[in-house]
$ cat query38.cif   # mmCIF, C-alpha atoms
data_my_file
#
loop_
_atom_site.label_atom_id
_atom_site.label_comp_id
_atom_site.auth_asym_id
_atom_site.auth_seq_id
_atom_site.Cartn_x
_atom_site.Cartn_y
_atom_site.Cartn_z
CA MET A 184 -29.07 236.41 11.73
CA SER A 185 -28.17 235.25 15.22
CA ASP A 186 -24.64 234.43 16.28
CA ALA A 187 -25.62 230.75 16.50
CA SER A 188 -26.78 230.59 12.87
CA PRO A 189 -24.28 229.03 10.48
CA LYS A 190 -22.89 231.28 7.78
CA ILE A 191 -23.89 230.68 4.18
CA ARG A 192 -20.87 229.49 2.17
CA VAL A 193 -20.44 231.31 -1.13
CA ALA A 194 -17.87 230.15 -3.66
CA VAL A 195 -16.81 233.21 -5.66
CA VAL A 196 -15.47 231.91 -8.98
CA PHE A 197 -13.41 234.25 -11.15
CA GLY A 198 -10.74 234.41 -13.85
CA GLY A 199 -11.44 231.87 -16.56
CA ARG A 200 -10.18 231.01 -20.01
CA SER A 201 -11.70 233.85 -22.00
CA SER A 202 -10.11 237.11 -23.12
CA GLU A 203 -12.09 238.78 -20.32
CA HIS A 204 -10.08 237.00 -17.60
CA ALA A 205 -8.73 240.22 -16.10
CA ILE A 206 -12.13 241.95 -15.92
CA SER A 207 -13.51 238.91 -14.12
CA CYS A 208 -10.73 239.28 -11.53
CA VAL A 209 -11.55 242.97 -11.05
CA THR A 210 -15.22 242.13 -10.58
CA ALA A 211 -14.41 239.41 -8.03
CA GLY A 212 -12.21 241.71 -5.98
CA ALA A 213 -14.99 244.26 -5.67
CA VAL A 214 -17.67 241.69 -4.86
CA MET A 215 -15.62 239.92 -2.21
CA ALA A 216 -14.92 243.26 -0.55
CA ALA A 217 -18.66 243.99 -0.42
CA ILE A 218 -20.01 240.64 0.81
CA ASP A 219 -21.37 240.77 4.37
CA ARG A 220 -18.99 238.51 6.30
CA ASP A 221 -21.41 238.33 9.21
CA ARG A 222 -23.82 236.44 6.93
CA TYR A 223 -21.54 234.79 4.39
CA GLU A 224 -18.34 232.76 4.37
CA VAL A 225 -16.43 233.34 1.15
CA VAL A 226 -14.48 230.62 -0.66
CA PRO A 227 -12.44 232.35 -3.41
CA VAL A 228 -12.01 230.05 -6.40
CA GLY A 229 -9.75 231.18 -9.25
CA ILE A 230 -9.69 229.69 -12.73
CA ALA A 231 -6.31 230.17 -14.41
CA ARG A 232 -6.05 231.05 -18.08
CA ASP A 233 -5.26 227.40 -18.86
CA GLY A 234 -8.45 226.26 -17.13
CA ARG A 235 -7.04 225.02 -13.81
CA TRP A 236 -9.24 225.62 -10.75
CA VAL A 237 -7.36 226.73 -7.63
CA LEU A 238 -8.17 227.84 -4.11
CA ALA A 239 -7.30 231.51 -4.47
CA SER A 240 -6.25 234.15 -1.98
CA GLU A 241 -8.23 237.29 -1.35
CA ASP A 242 -4.94 239.08 -0.78
CA GLN A 243 -3.83 238.83 -4.40
CA GLN A 244 -4.06 241.81 -6.74
CA LEU A 245 -7.60 241.90 -8.13
CA ALA A 246 -7.64 245.43 -9.50
CA ILE A 247 -6.22 247.30 -12.48
CA GLU A 248 -3.13 249.08 -11.17
CA ASP A 249 -1.12 251.50 -13.34
CA GLY A 250 -2.63 249.88 -16.42
CA ARG A 251 -1.61 246.37 -15.31
CA LEU A 252 -4.39 243.82 -15.52
CA PRO A 253 -4.81 241.21 -12.75
CA GLU A 254 -4.89 237.47 -13.35
CA VAL A 255 -5.21 234.15 -11.53
CA SER A 256 -1.70 232.72 -11.17
CA GLY A 257 -2.77 229.11 -10.71
CA ASP A 258 -0.39 228.64 -7.77
CA GLY A 259 -3.02 227.76 -5.17
CA LYS A 260 -4.28 224.31 -4.17
CA ALA A 261 -5.91 222.56 -7.11
CA LEU A 262 -9.69 222.22 -6.83
CA ALA A 263 -12.28 220.03 -8.49
CA LEU A 264 -16.06 220.02 -8.42
CA PRO A 265 -17.35 216.45 -7.92
CA PHE A 266 -20.34 215.67 -10.11
CA ASP A 267 -22.29 214.31 -7.17
CA PRO A 268 -25.43 216.24 -6.20
CA ALA A 269 -25.24 214.71 -2.73
CA THR A 270 -21.82 216.30 -2.09
CA LYS A 271 -22.31 219.92 -3.15
CA GLY A 272 -18.70 220.62 -2.29
CA LEU A 273 -15.31 221.47 -3.68
CA VAL A 274 -12.51 218.93 -3.49
CA VAL A 275 -8.82 219.70 -2.95
CA VAL A 276 -6.71 217.64 -5.32
CA GLU A 277 -3.07 217.19 -4.29
CA PRO A 278 -0.59 214.88 -6.06
CA GLY A 279 -0.14 211.56 -4.30
CA ARG A 280 -3.03 212.09 -1.89
CA VAL A 281 -6.64 211.02 -1.72
CA PRO A 282 -8.86 213.99 -2.69
CA ALA A 283 -10.24 215.75 0.39
CA THR A 284 -13.54 217.61 0.54
CA LEU A 285 -12.87 221.28 1.20
CA THR A 286 -16.32 222.32 2.26
CA GLU A 287 -19.95 222.14 1.33
CA VAL A 288 -20.90 225.09 -0.82
CA ASP A 289 -24.35 226.62 -0.47
CA VAL A 290 -24.19 228.78 -3.58
CA VAL A 291 -21.71 229.65 -6.32
CA LEU A 292 -21.25 233.20 -7.55
CA PRO A 293 -19.70 232.70 -11.02
CA LEU A 294 -18.19 236.10 -11.82
CA LEU A 295 -16.98 234.97 -15.23
CA HIS A 296 -17.29 237.02 -18.38
CA GLY A 297 -17.24 235.67 -21.90
CA PRO A 298 -16.79 232.09 -23.19
CA TYR A 299 -16.17 229.22 -20.75
CA GLY A 300 -18.08 230.96 -17.99
CA GLU A 301 -20.87 233.27 -19.09
CA ASP A 302 -21.97 231.05 -21.98
CA GLY A 303 -23.70 228.17 -20.18
CA THR A 304 -20.64 225.94 -19.77
CA ILE A 305 -20.05 226.40 -16.05
CA GLN A 306 -23.80 226.66 -15.50
CA GLY A 307 -24.26 223.18 -16.96
CA MET A 308 -21.46 221.83 -14.79
CA LEU A 309 -23.05 223.31 -11.67
CA ASP A 310 -26.44 221.89 -12.65
CA LEU A 311 -24.86 218.43 -13.00
CA ALA A 312 -23.33 218.83 -9.55
CA GLY A 313 -26.63 219.98 -8.04
CA VAL A 314 -25.18 223.29 -6.84
CA ARG A 315 -27.18 226.51 -6.78
CA TYR A 316 -25.62 229.50 -8.49
CA VAL A 317 -26.21 233.16 -9.20
CA GLY A 318 -27.33 234.18 -12.66
CA ALA A 319 -28.88 232.76 -15.79
CA GLY A 320 -29.17 229.04 -16.47
CA VAL A 321 -27.64 227.06 -19.33
CA LEU A 322 -29.96 228.08 -22.16
CA ALA A 323 -30.27 231.76 -21.25
CA SER A 324 -26.52 232.02 -20.72
CA ALA A 325 -25.73 230.39 -24.07
CA VAL A 326 -28.26 232.42 -26.05
CA GLY A 327 -27.31 235.62 -24.25
CA MET A 328 -23.66 235.02 -25.13
CA ASP A 329 -24.34 234.40 -28.83
CA LYS A 330 -25.38 237.71 -30.38
CA GLY A 331 -26.88 236.00 -33.44
CA PHE A 332 -29.20 233.64 -31.57
CA MET A 333 -29.97 236.41 -29.08
CA LYS A 334 -31.33 238.59 -31.88
CA LEU A 335 -33.25 235.68 -33.44
CA VAL A 336 -35.09 235.07 -30.16
CA TRP A 337 -35.87 238.76 -29.74
CA GLN A 338 -37.13 238.97 -33.32
CA ALA A 339 -39.38 235.96 -32.69
CA ARG A 340 -40.84 237.81 -29.69
CA GLY A 341 -41.45 240.91 -31.81
CA LEU A 342 -38.78 243.00 -30.07
CA PRO A 343 -36.93 245.66 -32.07
CA VAL A 344 -33.41 244.80 -33.29
CA GLY A 345 -31.13 246.36 -35.90
CA ARG A 346 -30.04 244.82 -39.21
CA TYR A 347 -27.15 242.35 -39.07
CA VAL A 348 -25.32 239.55 -40.89
CA MET A 349 -23.85 236.44 -39.25
CA VAL A 350 -20.51 235.11 -40.52
CA GLY A 351 -19.86 231.49 -39.56
CA ASP A 352 -16.44 229.89 -39.70
CA ARG A 353 -17.26 227.58 -42.63
CA GLU A 354 -18.95 230.39 -44.57
CA TRP A 355 -15.91 232.61 -44.16
CA ARG A 356 -13.53 229.89 -45.29
CA THR A 357 -15.54 228.57 -48.25
CA ALA A 358 -17.82 231.42 -49.43
CA ARG A 359 -16.02 234.59 -48.39
CA THR A 360 -16.91 236.67 -51.45
CA ALA A 361 -20.63 235.90 -51.17
CA LYS A 362 -20.58 236.69 -47.47
CA LEU A 363 -18.79 240.01 -48.06
CA ASP A 364 -21.41 240.90 -50.68
CA GLU A 365 -24.12 240.18 -48.12
CA ILE A 366 -22.38 242.42 -45.57
CA LYS A 367 -22.10 245.25 -48.10
CA GLN A 368 -25.89 245.26 -48.42
CA LEU A 369 -26.01 246.63 -44.86
CA GLY A 370 -24.36 249.83 -46.04
CA LEU A 371 -21.57 251.66 -44.25
CA PRO A 372 -20.48 252.12 -41.58
CA VAL A 373 -20.85 248.72 -39.91
CA PHE A 374 -19.62 247.28 -36.65
CA VAL A 375 -17.81 243.95 -36.83
CA LYS A 376 -17.83 241.93 -33.59
CA PRO A 377 -16.99 238.48 -32.26
CA ALA A 378 -20.39 236.81 -31.87
CA ARG A 379 -19.60 235.40 -28.42
CA ALA A 380 -17.38 237.88 -26.62
CA GLY A 381 -18.06 240.78 -24.29
CA SER A 382 -16.26 243.82 -22.84
CA SER A 383 -16.09 245.18 -26.41
CA MET A 384 -13.20 242.86 -27.28
CA GLY A 385 -12.27 242.57 -30.97
CA ILE A 386 -14.78 245.15 -32.23
CA SER A 387 -14.08 247.31 -35.27
CA LYS A 388 -16.01 250.16 -36.82
CA VAL A 389 -15.67 249.83 -40.59
CA GLU A 390 -16.24 252.80 -42.88
CA SER A 391 -14.63 251.45 -46.05
CA GLU A 392 -15.39 248.20 -47.89
CA ASP A 393 -11.64 247.71 -48.27
CA ASP A 394 -11.37 247.24 -44.48
CA LEU A 395 -14.09 244.62 -44.08
CA THR A 396 -11.88 241.56 -44.47
CA ALA A 397 -9.32 242.78 -41.93
CA ALA A 398 -12.09 243.62 -39.46
CA VAL A 399 -13.64 240.16 -39.74
CA GLU A 400 -10.22 238.57 -39.27
CA ALA A 401 -9.63 240.71 -36.17
CA ALA A 402 -12.95 239.58 -34.70
CA ARG A 403 -12.14 235.96 -35.55
CA GLU A 404 -9.09 236.16 -33.29
CA HIS A 405 -11.63 236.10 -30.43
CA ASP A 406 -14.32 233.91 -31.96
CA PRO A 407 -14.61 232.02 -35.29
CA LYS A 408 -18.23 233.17 -35.43
CA VAL A 409 -18.66 236.88 -36.23
CA ILE A 410 -21.60 239.26 -36.35
CA VAL A 411 -21.66 242.38 -38.55
CA GLU A 412 -24.20 245.02 -37.54
CA ALA A 413 -25.44 248.02 -39.47
CA ALA A 414 -24.58 251.20 -37.62
CA VAL A 415 -27.51 252.74 -35.75
CA VAL A 416 -27.64 256.48 -35.28
CA GLY A 417 -28.72 256.92 -31.71
CA ARG A 418 -27.81 257.38 -28.08
CA GLU A 419 -26.40 254.38 -26.19
CA ILE A 420 -28.66 253.58 -23.24
CA GLU A 421 -28.33 250.69 -20.78
CA CYS A 422 -30.79 249.26 -18.27
CA GLY A 423 -30.25 246.78 -15.45
CA VAL A 424 -32.67 243.93 -14.74
CA LEU A 425 -32.96 241.77 -11.64
CA GLN A 426 -34.91 238.58 -11.09
CA GLY A 427 -38.01 239.34 -9.03
CA LEU A 428 -38.20 238.53 -5.35
CA ASP A 429 -40.39 235.71 -4.01
CA GLY A 430 -41.40 234.59 -7.49
CA GLY A 431 -42.43 238.07 -8.58
CA PRO A 432 -41.78 239.65 -11.98
CA ALA A 433 -38.34 240.89 -13.01
CA GLU A 434 -37.52 244.49 -12.12
CA ALA A 435 -35.71 247.14 -14.14
CA SER A 436 -33.40 249.84 -12.82
CA LEU A 437 -33.20 253.43 -13.85
CA PRO A 438 -31.41 253.50 -17.21
CA ALA A 439 -28.01 255.03 -17.90
CA GLU A 440 -26.62 256.81 -20.93
CA ILE A 441 -23.02 256.23 -21.99
CA LEU A 442 -21.37 259.57 -22.73
CA MET A 443 -18.04 259.63 -24.55
CA THR A 444 -15.61 262.33 -23.45
CA GLY A 445 -12.44 261.32 -25.31
CA ASP A 446 -11.38 260.86 -28.94
CA HIS A 447 -12.91 257.38 -29.29
CA ASP A 448 -16.02 257.19 -31.45
CA PHE A 449 -17.43 253.99 -29.96
CA TYR A 450 -17.48 252.16 -26.65
CA ASP A 451 -14.51 249.75 -26.73
CA PHE A 452 -12.36 247.99 -24.10
CA GLN A 453 -10.00 250.96 -23.79
CA THR A 454 -12.77 253.43 -23.04
CA LYS A 455 -14.56 251.05 -20.66
CA TYR A 456 -11.68 250.08 -18.43
CA LEU A 457 -8.40 251.87 -19.04
CA ASP A 458 -8.51 255.53 -20.00
CA GLY A 459 -11.61 256.87 -18.23
CA THR A 460 -13.00 258.61 -21.31
CA THR A 461 -16.63 257.70 -20.64
CA ARG A 462 -19.14 258.69 -18.02
CA LEU A 463 -22.70 257.69 -17.22
CA ALA A 464 -25.78 259.88 -16.96
CA ILE A 465 -28.28 258.22 -14.59
CA PRO A 466 -31.06 258.75 -15.45
CA PRO A 467 -30.56 260.13 -18.98
CA ASP A 468 -32.32 263.22 -20.21
CA LEU A 469 -35.20 261.50 -22.04
CA PRO A 470 -38.69 262.59 -23.10
CA PRO A 471 -41.67 261.80 -20.83
CA GLY A 472 -42.52 258.11 -20.96
CA ALA A 473 -39.21 257.02 -22.50
CA VAL A 474 -37.76 255.73 -19.22
CA ALA A 475 -40.81 253.56 -18.57
CA GLU A 476 -40.65 252.22 -22.12
CA VAL A 477 -36.97 251.23 -21.98
CA GLN A 478 -37.60 249.56 -18.61
CA ARG A 479 -40.49 247.61 -20.15
CA LEU A 480 -38.36 246.52 -23.10
CA ALA A 481 -35.45 245.56 -20.85
CA VAL A 482 -37.67 243.24 -18.81
CA ALA A 483 -39.20 241.84 -22.02
CA ALA A 484 -35.72 241.11 -23.40
CA PHE A 485 -34.75 239.44 -20.09
CA ASP A 486 -37.91 237.32 -20.04
CA ALA A 487 -37.64 236.38 -23.74
CA LEU A 488 -34.36 234.57 -23.02
CA ASP A 489 -35.72 233.07 -19.77
CA CYS A 490 -32.99 234.83 -17.80
CA GLU A 491 -32.51 234.57 -14.06
CA GLY A 492 -30.52 236.53 -11.52
CA LEU A 493 -29.37 239.61 -13.37
CA ALA A 494 -28.65 241.11 -16.75
CA ARG A 495 -27.74 244.40 -18.35
CA VAL A 496 -29.68 245.20 -21.52
CA ASP A 497 -28.17 247.65 -24.02
CA PHE A 498 -30.17 249.83 -26.40
CA PHE A 499 -29.94 252.53 -29.01
CA TYR A 500 -32.40 255.42 -28.73
CA THR A 501 -32.85 256.95 -32.18
CA PRO A 502 -33.49 260.64 -32.97
CA ASP A 503 -37.07 259.75 -34.01
CA GLY A 504 -37.78 258.21 -30.59
CA ARG A 505 -37.42 254.48 -31.36
CA TRP A 506 -35.73 251.94 -29.08
CA ILE A 507 -33.52 249.30 -30.73
CA LEU A 508 -32.12 246.41 -28.72
CA ASN A 509 -28.38 245.98 -29.09
CA GLU A 510 -27.44 243.11 -26.76
CA ILE A 511 -27.87 241.56 -23.33
CA ASN A 512 -25.11 240.71 -20.86
CA THR A 513 -26.06 237.99 -18.36
CA MET A 514 -22.99 238.66 -16.20
CA PRO A 515 -22.28 242.36 -16.68
CA GLY A 516 -19.30 244.23 -15.35
CA PHE A 517 -19.85 244.37 -11.62
CA THR A 518 -17.31 246.66 -9.99
CA PRO A 519 -18.80 249.60 -8.04
CA SER A 520 -17.92 251.86 -10.96
CA SER A 521 -19.57 249.60 -13.56
CA ALA A 522 -22.84 250.64 -15.13
CA PHE A 523 -24.97 247.83 -13.67
CA PRO A 524 -24.27 248.56 -9.97
CA GLN A 525 -24.41 252.30 -10.58
CA MET A 526 -27.85 252.03 -12.16
CA TRP A 527 -29.13 250.02 -9.21
CA ALA A 528 -27.53 252.39 -6.70
CA ALA A 529 -29.40 255.25 -8.37
CA SER A 530 -32.54 253.10 -8.10
CA GLY A 531 -32.10 252.73 -4.34
CA LEU A 532 -30.15 249.44 -4.08
CA ASP A 533 -26.55 250.01 -3.02
CA TYR A 534 -23.64 247.71 -3.90
CA PRO A 535 -23.60 245.45 -0.80
CA ALA A 536 -27.40 245.14 -0.90
CA LEU A 537 -27.23 244.27 -4.60
CA VAL A 538 -24.72 241.48 -3.97
CA ASP A 539 -26.85 240.21 -1.10
CA ARG A 540 -29.99 240.17 -3.24
CA LEU A 541 -28.29 238.14 -5.97
CA ILE A 542 -27.15 235.52 -3.46
CA ARG A 543 -30.57 235.36 -1.80
CA THR A 544 -32.47 234.91 -5.06
CA ALA A 545 -30.07 232.13 -6.09
CA LEU A 546 -30.61 230.34 -2.76
CA ASP A 547 -34.38 230.62 -3.14
CA ARG A 548 -34.55 228.80 -6.45
CA PRO A 549 -34.21 225.03 -6.87
CA SER A 550 -31.19 223.44 -8.52
CA GLY A 551 -31.67 221.48 -11.75
CA LEU A 552 -34.63 221.92 -14.08
CA ARG A 553 -37.02 224.75 -13.22
#

$ encode --input "query38.cif" --output "structure tokens"
Amino acid sequence: MSDASPKIRVAVVFGGRSSEHAISCVTAGAVMAAIDRDRYEVVPVGIARDGRWVLASEDQQLAIEDGRLPEVSGDGKALALPFDPATKGLVVVEPGRVPATLTEVDVVLPLLHGPYGEDGTIQGMLDLAGVRYVGAGVLASAVGMDKGFMKLVWQARGLPVGRYVMVGDREWRTARTAKLDEIKQLGLPVFVKPARAGSSMGISKVESEDDLTAAVEAAREHDPKVIVEAAVVGREIECGVLQGLDGGPAEASLPAEILMTGDHDFYDFQTKYLDGTTRLAIPPDLPPGAVAEVQRLAVAAFDALDCEGLARVDFFYTPDGRWILNEINTMPGFTPSSAFPQMWAASGLDYPALVDRLIRTALDRPSGLR
């Protein structure tokens, strides 16, 4: 790009109202540090826990330090996104003053995890405003966030999923005994999860029927809709997927295996982000042909949900050589130490190049219906 060429303005949106607010901040800090400032002008946009949008500072703490989690304070200038496709800008809103356009935004990078960000809500808002953005659209984001509908779509496409039971809010309140009986048919152990949360928030491994009710209640603290999954004996394998370039097919990375090194017996928030008791093997030690098969399934899972941009697809690899889809994450953890960037680095695409590719593919696609 020549010196005379205008820089592409990228609004990096982070924080949000979900329980994954802090991880979104960590992701944003890493991404903003990696963006090529010769090509891109960054507009940092924070969403406070109460939902306020503010013009954030890149100087604020956006990393986990001594176990302290970062957050958006909400002290910056208030921002709004006008629902006018002709504007494509952010507006500064100050009390007693006429709103002033901050700048036209070429593309939004919504680094939001969980509800109110990764679930189609902000994607719909950006579509209404006619603004291009990185990542999956409304439908793929919503289905990818909801583990129950995600599995239904995969089943309809003939993709392999494990056994599970959905527990809706009304069912739990009015037919709890019947629902518990249905869960017990899965056998033990089971994993009880919020249906629409990520970063392993609110997950319990249940090995006694006496603990089922408490586990469902713990998951319901994050989401009134809960999924209970039969435990699968197998290795935990992840694979990254990127939208293809120039209209080409989606591409899969080398896979990674999650290896536990501490006392935890499953991959929860603590092991992911705080105590360093996991490591990744990229690529895993798999039989001939297994890597190609998991890459094929990862792309099939991505395409089944009509995803765009990026996703991380999680699997179990059983002792008898079967692949079982666990879930998809349409905005995976994205720090340099996260699995998704590490898998792509091992595949030949380093962190800055990965960020650049995501922005470029978002700019190449039209806004609105596609």

$ closest_residue --input "query38.cif" --among "A:Val209, A:Leu311, A:Leu537, A:Leu488" --to "Ala325 (chain A)" --atoms "all atoms listed in the file"
A:Leu488

$ closest_residue --input "query38.cif" --among "A:Arg548, A:Arg553, A:Lys330, A:Arg356" --to "Leu508 (chain A)" --atoms "all atoms listed in the file"
A:Lys330

$ closest_residue --input "query38.cif" --among "A:Gly492, A:Thr518, A:Ala481, A:Arg232" --to "Gly212 (chain A)" --atoms "only C-alpha atoms"
A:Thr518

$ atom_distance --input "query38.cif" --atom1 "CA of Leu469 (chain A)" --atom2 "CA of Ile511 (chain A)"
21.3 Å

$ resolve_selection --input "query38.cif" --expression "the PyMOL selection byres ((chain A and resi 372) around 10)" --output "list in words"
Lys367, Leu369, Gly370, Leu371, Val373, Phe374, Val375, Lys388, Val389, Glu390, Ser391, Glu392, Glu412, Ala413, Ala414 and Val415 of chain A
